[in-house]
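Okay, so here's the structure we're looking at.
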Amino acid sequence: MKPRFSSQNNYNKKKMARFLKKHGAKYGTAPGSLIFVGDQRVEKTEVEAIIFNPDNLQEFKAQEVAQLASIHIPNYVSWINIVGLHGVEVVKQMGEYLNLHNLIQEDILNTNQRPKFEEHDEHIYIVLKVLHYNKQKEMLETEQLSLVICKDTLISFQEIEEDVFGPIRERLVRPTTKIRHRNSDYLAFALLDAIVDHYIFIIEQFGEKIESLENELLEQPKNSHLQQINEYKKEINFLRKTVRPVRELASDFSKSESELIDDQTFPFIKDLQDHVIQATEAIEVYREMLNDQLDIYNSGLSNKLNEIIRVLTVFSVVFIPLTFLAGIYGTNFEHLPELKFRYAYPVFWVALILIAFGMITFFKKRKWL
Amino acid sequence: MKPRFSSQNNYNKKKMARFLKKHGAKYGTAPGSLIFVGDQRVEKTEVEAIIFNPDNLQEFKAQEVAQLASIHIPNYVSWINIVGLHGVEVVKQMGEYLNLHNLIQEDILNTNQRPKFEEHDEHIYIVLKVLHYNKQKEMLETEQLSLVICKDTLISFQEIEEDVFGPIRERLVRPTTKIRHRNSDYLAFALLDAIVDHYIFIIEQFGEKIESLENELLEQPKNSHLQQINEYKKEINFLRKTVRPVRELASDFSKSESELIDDQTFPFIKDLQDHVIQATEAIEVYREMLNDQLDIYNSGLSNKLNEIIRVLTVFSVVFIPLTFLAGIYGTNFEHLPELKFRYAYPVFWVALILIAFGMITFFKKRKWL
Amino acid sequence: MKPRFSSQNNYNKKKMARFLKKHGAKYGTAPGSLIFVGDQRVEKTEVEAIIFNPDNLQEFKAQEVAQLASIHIPNYVSWINIVGLHGVEVVKQMGEYLNLHNLIQEDILNTNQRPKFEEHDEHIYIVLKVLHYNKQKEMLETEQLSLVICKDTLISFQEIEEDVFGPIRERLVRPTTKIRHRNSDYLAFALLDAIVDHYIFIIEQFGEKIESLENELLEQPKNSHLQQINEYKKEINFLRKTVRPVRELASDFSKSESELIDDQTFPFIKDLQDHVIQATEAIEVYREMLNDQLDIYNSGLSNKLNEIIRVLTVFSVVFIPLTFLAGIYGTNFEHLPELKFRYAYPVFWVALILIAFGMITFFKKRKWL
Amino acid sequence: MKPRFSSQNNYNKKKMARFLKKHGAKYGTAPGSLIFVGDQRVEKTEVEAIIFNPDNLQEFKAQEVAQLASIHIPNYVSWINIVGLHGVEVVKQMGEYLNLHNLIQEDILNTNQRPKFEEHDEHIYIVLKVLHYNKQKEMLETEQLSLVICKDTLISFQEIEEDVFGPIRERLVRPTTKIRHRNSDYLAFALLDAIVDHYIFIIEQFGEKIESLENELLEQPKNSHLQQINEYKKEINFLRKTVRPVRELASDFSKSESELIDDQTFPFIKDLQDHVIQATEAIEVYREMLNDQLDIYNSGLSNKLNEIIRVLTVFSVVFIPLTFLAGIYGTNFEHLPELKFRYAYPVFWVALILIAFGMITFFKKRKWL
Amino acid sequence: MKPRFSSQNNYNKKKMARFLKKHGAKYGTAPGSLIFVGDQRVEKTEVEAIIFNPDNLQEFKAQEVAQLASIHIPNYVSWINIVGLHGVEVVKQMGEYLNLHNLIQEDILNTNQRPKFEEHDEHIYIVLKVLHYNKQKEMLETEQLSLVICKDTLISFQEIEEDVFGPIRERLVRPTTKIRHRNSDYLAFALLDAIVDHYIFIIEQFGEKIESLENELLEQPKNSHLQQINEYKKEINFLRKTVRPVRELASDFSKSESELIDDQTFPFIKDLQDHVIQATEAIEVYREMLNDQLDIYNSGLSNKLNEIIRVLTVFSVVFIPLTFLAGIYGTNFEHLPELKFRYAYPVFWVALILIAFGMITFFKKRKWL
């Protein structure tokens, strides 16, 4: 793992236009123009290559795309991984090297791409998002991953060096793993599988938070819960926007008739498709759960207020006639006979207490208290 | 029925991440890795086998999968039932014995599987959830059931020994039942049918609770009702998540062209499909009913509050001018002529009563009271 | 019309689990088991038969199914009507007589059946619900009707003897009607048509109630309206659940390629389909109307409360400073110069009145009053 | 234009069961029975005929359908228009004359028909609703129009003589118009086009009202707005119910393979279809707009109330401690030293004012005022 | 860029019937009638032509359509751009020159057209809306663009001269761009691509506003936010109505089998389709976000009010018994023993303070304060 470009100076961008990134310089250019759209997230574009067959595995760090030609060995499968999409030149050279359509090169560079699966004559192009949870900003972020499946070669384009692929690298090192005995199509599947597994991992974590929020809500709704529900809602919407198109991608993948995909790989793609469907269904469940929680929050809050208001109103109302009567006997009428009676004052108190009791009994009977 | 693994120590997990179980150790492993995902729910994995033909039936308890080979007799149908999925080794041996694809073995062990129907060359794989109502926790729970239909053999994988299949066992014992005269496909259907019947049984019970809640709500909405509605809503969502994919499963089953399924079995599968559709429709009806009940609850509550507030406000308002007048005649102005009149006090009372009556009449006329 | 089984002892079951009837004894039995699921609603199962051709018509009351064989005459169409589904034996005998699949016999006996159209080799099976408005309980009820179309014979299975078919019987008696000149398929259509017409008749009646409720609501919302809206909502949901699957049934019917259906009958089935679509659309319209009415009710109610609260609050607020001033001059300070002025009291009154007017003017200007 | 049957005696029926007209006498009759369902809206059924070719045009008023035979001239196109559907006899004669299926005759007479397009061997049957805005009742009304396209002849059945077709008649008179050079299929299209144009015209008018209501709402929500929103909602629902099935009708029309429709007419039908889609989309937009307006109204109203309540509550609260203090110094304790101080009264006032200012400052700081 | 027709006199039309423009004079005319529907937005209709091949490019400003014939040179591609649709005559002449169907000419002139893609024998007709943000009126506006793709020629019809095409013109000038080496189909794609890019640009800008509004809302909801949310909602609805049908258009375009479209252009059209899908998805995301914001606003507002009301009510309630007691000792009973005690007054104060403290403690314990 290499050091990453610091993103601390982006901190104040929090929650800004995450759902649709700015095209900026891109707007108005010709289709197929190779312009990078996105934020530079690593300092320098790097090219790594791993070539392997069941018996051997070698790693390279290429300085230039031109060196790649010399790396290729017959009967080996190559995985070329390019990190840092701002390096337009590298993408261009790769494009020429692999004979990629201009539009694909453009798509690789535009980090705003919608996930899709595209079959071409000599290669397959797959683009989707890798999800990360940024703990500092407490929000989800995406990185775009492009895969080009060629004969015996898989090229991947990443924005940042990502640890989602760590397990794949580990498996590659071990000679007995299936990944070492298969071709570039299986390797592509393995990468997609790791990404989708990471989706599910993130959904699980959100799910736990959301389910535990529900318990808190039912006990005592607080103001902070409203903000939390809205925060989660936005993240779930972001998840949904990221994961949903992958469903279509997986379906297209599983129906592909390209010769680049081995028949033995299809059951695995079908399995991938199942996982994506499971992920999207879980997202829908949590979306509905959050909507229900908003209802619980609102009902709970208004229940609480209603109770307070009811009790206090009844309390005030009990005192109203008492205060009125005190007012009556505070008047200065010259001829106010009650004031002169010997036991007027204790009788007055008894009357007040009786009135108060009568009212409370009445309210209790009516179930107002 | 055997004793079950105590789940009391799980009690405090109540309502935690039931909608998506944790992958835990699974995350990042290769597809096809045989790792158990879920909670161990029985102490020891057990293998039971029942072999039968119209004339005979024998029961076995195998210690090892290896023994199964010896059990098989030509012209008999075998039902092998494995209870306890944490026994990875047993699943592996069964997989080798039956020549199951690695991914199927993985699916059997992952209790997080989405219900599905998969047709392979030599067997059919079906996975779905069995529903239980856990009375202690007052919530629904699921157990995963995997079925592998082979020629003359049905293998079922359960998390716990389940009494949902009790009636099937009873029918198997009797030599005249249809189940004894048919093959493994009909047995698989019979198990599915028992599960779906149990779905309907559980939906019925919820339905009754929900319909009776409605009557209570219309009489007098209480705080506890809100919690109940939310509780039911969550259970209904859980039911829905469990039952809905089975609709697809049943549809795939009914359209299967596998040779393992006898033509005579199809009308029964069609019938199963009808039951699943009925179950999902009933779930939708109860979901809507609960949403309507939330509306009733909120309307009823605010109606009640409104009435209290209205009556009390009117009551207070009637006293406001009376108290004000008492205040006036409580002032200490030296030249306040009314105070000295002979009948000032009784006249004052008459005035107060007239004002009060006037206001009440006015409010009644305006339908405020 | 025969006397019906008294349902008065069911009165207290009102509103209980109408949306999903209890399977009861049925649960856990083998598929195809002939067990009656539902409430017994007539005292004794009866078998009626009408045989007719354009020239002749004869009615019979059979004691046993065995007699039916003797009734059948070549070139006559027979309509056999069985009333009372609790008579499992009769259904079984009919099943044997007509060579019906076990599952169909089971469906006939399970009054919980979802409406459907099933084509078999030698007969067509149709099941749907007949709607009745039970005036005593003020709610809709359903009765299940099963139709089996065979060559020259139509068998209908009813829970109770139903007057929905009265007009059909009348038309059958007259020799010139189309129904007398056609076969069992047209007779089945005629029965379905009568049922769907009755649906529309019931929807119309609800529609009128709902549309007139709207006028009342707009004038003056009352507490009773909330209950009424909820009552109607539930009935409309019940209607919907009953009528919607019939749409599918009619569509399957119109696309049937069975030889049992004459080509001349198809335009009539198409017409039936139009009526069902019209019925379902009307139900959707009334559903939305009820939802809108709930909004109107809530808005109207809170409007009314708001007005009361606003006026009363303003009224109270006007008196607050007045009462305060009265309090000031009720204090017993020894050196309170105003109290000794000659015209202090009238000036005090003038001040109070000016303050009150000032406040009212202010509130009116701000449109608070 | 002829005088119309007075509908003033229907005035008190306003808003009654407009969404589903009563079948009345129709209920329980045989399918295909010719019974008029609806309100008689013209005094006498009339038959008009226009025959034309590019060179000539003649108008007739027939007394009986029998005369129509004599009117027909080869190489002329005839448009026969029947006004007043209560004349069952005329429809019957037309049906016999054109050899129409019984069910079509029934549909023509049932003004409750759902819009549809039906292709038969020798004619095409189209039924839909013409919309009118009844200014007196301030509501939309529909009239049913049936069209039968035959070779060289178009027959139209109307409930009332309608000016929606005025422009068509004018175009027919002019010999250069396309309508004069085409056949009955184009004439049918022209009539449908006029009706759909009139839909759009009415939607436009509602749209303007709705969009201007929004501006009023944002300025100052009033009680009358609630009623208006509900009124518009109901009319929009009525529009929707009328226009939506026409979409399907137009789609069926455009896909027709009948020989009665000239190839040259199809681009026009496609155009018609575009207009209907535009109309339904506009209706959906306005429906959503009205829902949003209800939200605006409710939010606006509660905003206004909140403001009043907040200000008044704060106002009352400021006086509460002041009045309490006045009460304290109104007590008659013998030993109440403050009362005897020389400057007690002015100091008392200063204290009151300070308290009031302090509270107001506090409330302002907390943004409560 | 030419000076534009001043639209200042339209200022007071703001927010009027933008969702459905008035047909006005159009209503009731024959289909295919060439009548301009819309507002005149430029002073004079102008015809510009650019002809180019990879080597040369020439620009013309034609006075009349007749001149166009002389402009055309073999092996050149022509782009004829007509600005100002009120010039019915120009459209008519172009129609004759290109042999366009009458209905297409009508569609070009009706600025109320729904976006669509129409394939004809010798040309392709595309119509859609160009979006502008009118800063003066703070609202979105649309301009209709019609494209006719012929062999070697593209004709575009605009309401106003639009700078959305600026980048295209710049690219055309440079001889190395792809646009110079392709035919009219690619030019049409380039124009559509520029329009869709502009859609995305506008959605981005709205998106940023909406996402930043959310932050403000969560801090402190204000009355002005309600109006803003409603304003944005209306604009988003307008965007949606404009962009959604383009999805269908792009899909039809990508499936076209016309010979006018070169095979090499299809990948670009596919790319265009991706962009439109992305745009519509972003619109849906922002629509939902606005709905969520309305919920946040309402919850936030009622939270704030609830807090104020709660605190103030508790405050008032604390004073109620105090004021009552002051009233008691303000009564003028002759025999009121407490009044004469030596330390009655300080004891009275202590009692008041104790009561107040007791109540506050009670309210705090109940979490009411």
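Just remember, in the structure tokens the first chain shown is A, the second B, etc., residues are 1-based per chain, and ligands are 1-based in the order shown.
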Which residues of chain C are close to chain A, meaning at most 12 Å apart when you count only C-alpha atoms, and how do they look as a ChimeraX atom specification?
/C:323,326-327,329-332
Run DSSP on the backbone and tell me which residues of stretch 144-216 of chain B come out as strand (DSSP E or B); list them as an NGL selection string.
:B and (144-150 or 153-158)
Residues near D:Glu170, anyone? I mean within 12 Å using only C-alpha atoms, not counting same-chain ones fewer than 5 positions away, as a list in words.
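The residues that qualify are Leu57, Asp163, Val164, Phe165, Pro175, Thr176, Thr177, Ile179 and Arg180 of chain D; Gly28, Thr29 and Ala30 of chain E.
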What lies within 10 Å of B:Asp274 using only C-alpha atoms, ignoring chain neighbours under 5 positions off, as a list in words?
Arg247, Ala250, Ser251, Phe268, Ile269 and Ala279 of chain B; Gln113, Arg114, Pro115 and Lys116 of chain C
Residues within 9 Å of E:Leu187, please, as a PyMOL selection string. Count only C-alpha atoms; anything in the same chain fewer than 4 positions from it doesn't count.
chain E and resi 79+154+168+179-180+182-183+191-192
Suppose we keep C-alpha atoms; can you now write the selection as a short mmCIF file (atom, residue, chain, number, x, y, z; two decimals), in the first residue's frame?
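Ended up saving to out36.cif:
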data_model
loop_
_atom_site.label_atom_id
_atom_site.label_comp_id
_atom_site.auth_asym_id
_atom_site.auth_seq_id
_atom_site.Cartn_x
_atom_site.Cartn_y
_atom_site.Cartn_z
CA TRP E 79 -25.77 22.45 -42.09
CA LEU E 154 -28.71 18.65 -41.70
CA ILE E 168 -19.90 22.94 -32.11
CA ILE E 179 -17.06 16.50 -36.95
CA ARG E 180 -15.39 17.74 -40.17
CA ARG E 182 -18.15 12.80 -40.80
CA ASN E 183 -21.57 13.26 -42.34
CA LEU E 191 -25.84 18.95 -31.59
CA LEU E 192 -27.87 16.54 -29.45
#
Fewer than 5 positions away in the same chain doesn't count, so skip those; otherwise give me all residues within 9 Å of D:Leu218, counting only C-alpha atoms, as a PDB file with N, CA, C and O atoms, in the first residue's frame.
ATOM      1  N   LEU D 213     -53.125  29.650  -9.156  1.00  0.00           N
ATOM      2  CA  LEU D 213     -53.454  29.364  -7.749  1.00  0.00           C
ATOM      3  C   LEU D 213     -52.177  29.271  -6.919  1.00  0.00           C
ATOM      4  O   LEU D 213     -52.119  29.735  -5.777  1.00  0.00           O
ATOM      5  N   ILE D 296     -48.028  22.878   0.193  1.00  0.00           N
ATOM      6  CA  ILE D 296     -47.741  24.299   0.403  1.00  0.00           C
ATOM      7  C   ILE D 296     -48.821  24.922   1.290  1.00  0.00           C
ATOM      8  O   ILE D 296     -48.528  25.655   2.235  1.00  0.00           O
ATOM      9  N   TYR D 297     -50.074  24.605   0.966  1.00  0.00           N
ATOM     10  CA  TYR D 297     -51.183  25.159   1.739  1.00  0.00           C
ATOM     11  C   TYR D 297     -51.058  24.789   3.213  1.00  0.00           C
ATOM     12  O   TYR D 297     -51.134  25.648   4.095  1.00  0.00           O
ATOM     13  N   GLY D 300     -48.014  26.409   4.763  1.00  0.00           N
ATOM     14  CA  GLY D 300     -48.238  27.849   4.886  1.00  0.00           C
ATOM     15  C   GLY D 300     -49.162  28.145   6.054  1.00  0.00           C
ATOM     16  O   GLY D 300     -48.920  29.043   6.867  1.00  0.00           O
TER      17      GLY D 300
ATOM     18  N   GLN E 227     -40.488  28.389   0.651  1.00  0.00           N
ATOM     19  CA  GLN E 227     -40.699  28.929  -0.680  1.00  0.00           C
ATOM     20  C   GLN E 227     -39.614  28.442  -1.641  1.00  0.00           C
ATOM     21  O   GLN E 227     -39.900  28.076  -2.784  1.00  0.00           O
TER      22      GLN E 227
END
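Going from atom CA of B:Asp263 to atom CA of C:Ile108 covers 22.8 Å.
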Set the distance at 12 Å and use only C-alpha atoms: which residues neighbour C:Asn237 once local chain neighbours fewer than 6 positions away are removed? I'd like the list as an mmCIF file with N, CA and C atoms, in the first residue's frame.
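result-v8.cif, written as the output of this step:
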data_model
loop_
_atom_site.group_PDB
_atom_site.id
_atom_site.type_symbol
_atom_site.label_atom_id
_atom_site.label_comp_id
_atom_site.auth_asym_id
_atom_site.auth_seq_id
_atom_site.Cartn_x
_atom_site.Cartn_y
_atom_site.Cartn_z
ATOM 1 N N GLU B 281 -49.764 -11.667 -1.583
ATOM 2 C CA GLU B 281 -50.853 -10.692 -1.665
ATOM 3 C C GLU B 281 -51.398 -10.366 -0.288
ATOM 4 N N ALA B 282 -51.523 -11.387 0.549
ATOM 5 C CA ALA B 282 -52.015 -11.141 1.913
ATOM 6 C C ALA B 282 -51.048 -10.238 2.662
ATOM 7 N N GLU B 284 -49.147 -7.937 1.369
ATOM 8 C CA GLU B 284 -49.337 -6.572 0.874
ATOM 9 C C GLU B 284 -50.580 -5.939 1.487
ATOM 10 N N VAL B 285 -51.657 -6.740 1.575
ATOM 11 C CA VAL B 285 -52.896 -6.222 2.171
ATOM 12 C C VAL B 285 -52.639 -5.785 3.605
ATOM 13 N N TYR B 286 -51.898 -6.592 4.371
ATOM 14 C CA TYR B 286 -51.681 -6.234 5.775
ATOM 15 C C TYR B 286 -50.724 -5.057 5.921
ATOM 16 N N ARG B 287 -49.788 -4.956 5.003
ATOM 17 C CA ARG B 287 -48.899 -3.784 4.999
ATOM 18 C C ARG B 287 -49.699 -2.495 4.836
ATOM 19 N N GLU B 288 -50.589 -2.506 3.862
ATOM 20 C CA GLU B 288 -51.425 -1.324 3.637
ATOM 21 C C GLU B 288 -52.316 -1.050 4.835
ATOM 22 N N MET B 289 -52.838 -2.146 5.406
ATOM 23 C CA MET B 289 -53.720 -2.002 6.556
ATOM 24 C C MET B 289 -52.978 -1.327 7.710
ATOM 25 N N ASP B 292 -52.641 2.304 7.003
ATOM 26 C CA ASP B 292 -53.911 2.971 7.293
ATOM 27 C C ASP B 292 -54.099 3.119 8.795
ATOM 28 N N ARG C 18 -61.174 -11.235 7.866
ATOM 29 C CA ARG C 18 -61.920 -11.431 6.639
ATOM 30 C C ARG C 18 -60.978 -11.533 5.441
ATOM 31 N N PHE C 19 -59.774 -10.973 5.577
ATOM 32 C CA PHE C 19 -58.878 -10.901 4.437
ATOM 33 C C PHE C 19 -58.114 -12.202 4.198
ATOM 34 N N MET C 139 -71.178 -4.765 6.020
ATOM 35 C CA MET C 139 -69.897 -5.036 5.379
ATOM 36 C C MET C 139 -70.074 -5.988 4.203
ATOM 37 N N LEU C 140 -69.068 -6.027 3.356
ATOM 38 C CA LEU C 140 -69.098 -6.918 2.204
ATOM 39 C C LEU C 140 -68.703 -8.321 2.633
ATOM 40 N N ILE C 203 -69.934 -1.586 -6.560
ATOM 41 C CA ILE C 203 -68.991 -0.455 -6.634
ATOM 42 C C ILE C 203 -69.765 0.845 -6.805
ATOM 43 N N ASN C 230 -62.559 5.428 7.105
ATOM 44 C CA ASN C 230 -61.800 4.211 7.358
ATOM 45 C C ASN C 230 -62.605 2.962 7.036
ATOM 46 N N GLU C 231 -63.880 3.014 7.369
ATOM 47 C CA GLU C 231 -64.779 1.897 7.050
ATOM 48 C C GLU C 231 -64.806 1.682 5.537
ATOM 49 N N VAL C 243 -61.745 -8.271 -6.677
ATOM 50 C CA VAL C 243 -61.988 -8.044 -8.102
ATOM 51 C C VAL C 243 -60.719 -8.121 -8.933
ATOM 52 N N ARG C 244 -59.591 -7.653 -8.376
ATOM 53 C CA ARG C 244 -58.377 -7.557 -9.178
ATOM 54 C C ARG C 244 -57.933 -8.861 -9.816
ATOM 55 N N THR C 280 -62.216 -2.518 -12.037
ATOM 56 C CA THR C 280 -60.978 -2.288 -11.290
ATOM 57 C C THR C 280 -60.568 -0.821 -11.355
ATOM 58 N N ILE C 283 -62.611 1.101 -8.913
ATOM 59 C CA ILE C 283 -62.129 0.863 -7.549
ATOM 60 C C ILE C 283 -60.911 1.735 -7.263
ATOM 61 N N GLU C 284 -59.992 1.814 -8.226
ATOM 62 C CA GLU C 284 -58.802 2.650 -8.018
ATOM 63 C C GLU C 284 -59.189 4.116 -7.843
ATOM 64 N N TYR C 286 -61.948 5.296 -6.634
ATOM 65 C CA TYR C 286 -62.556 5.530 -5.325
ATOM 66 C C TYR C 286 -61.536 5.415 -4.201
ATOM 67 N N ARG C 287 -60.543 4.544 -4.391
ATOM 68 C CA ARG C 287 -59.452 4.465 -3.421
ATOM 69 C C ARG C 287 -58.735 5.797 -3.288
ATOM 70 N N GLU C 288 -58.400 6.369 -4.427
ATOM 71 C CA GLU C 288 -57.720 7.665 -4.404
ATOM 72 C C GLU C 288 -58.616 8.739 -3.811
ATOM 73 N N LEU C 290 -60.876 8.372 -1.572
ATOM 74 C CA LEU C 290 -60.901 8.228 -0.117
ATOM 75 C C LEU C 290 -59.621 8.777 0.507
#
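Taking atom CA of E:Lys241 and atom CA of D:Glu204 as endpoints, the distance between them is 15.8 Å.
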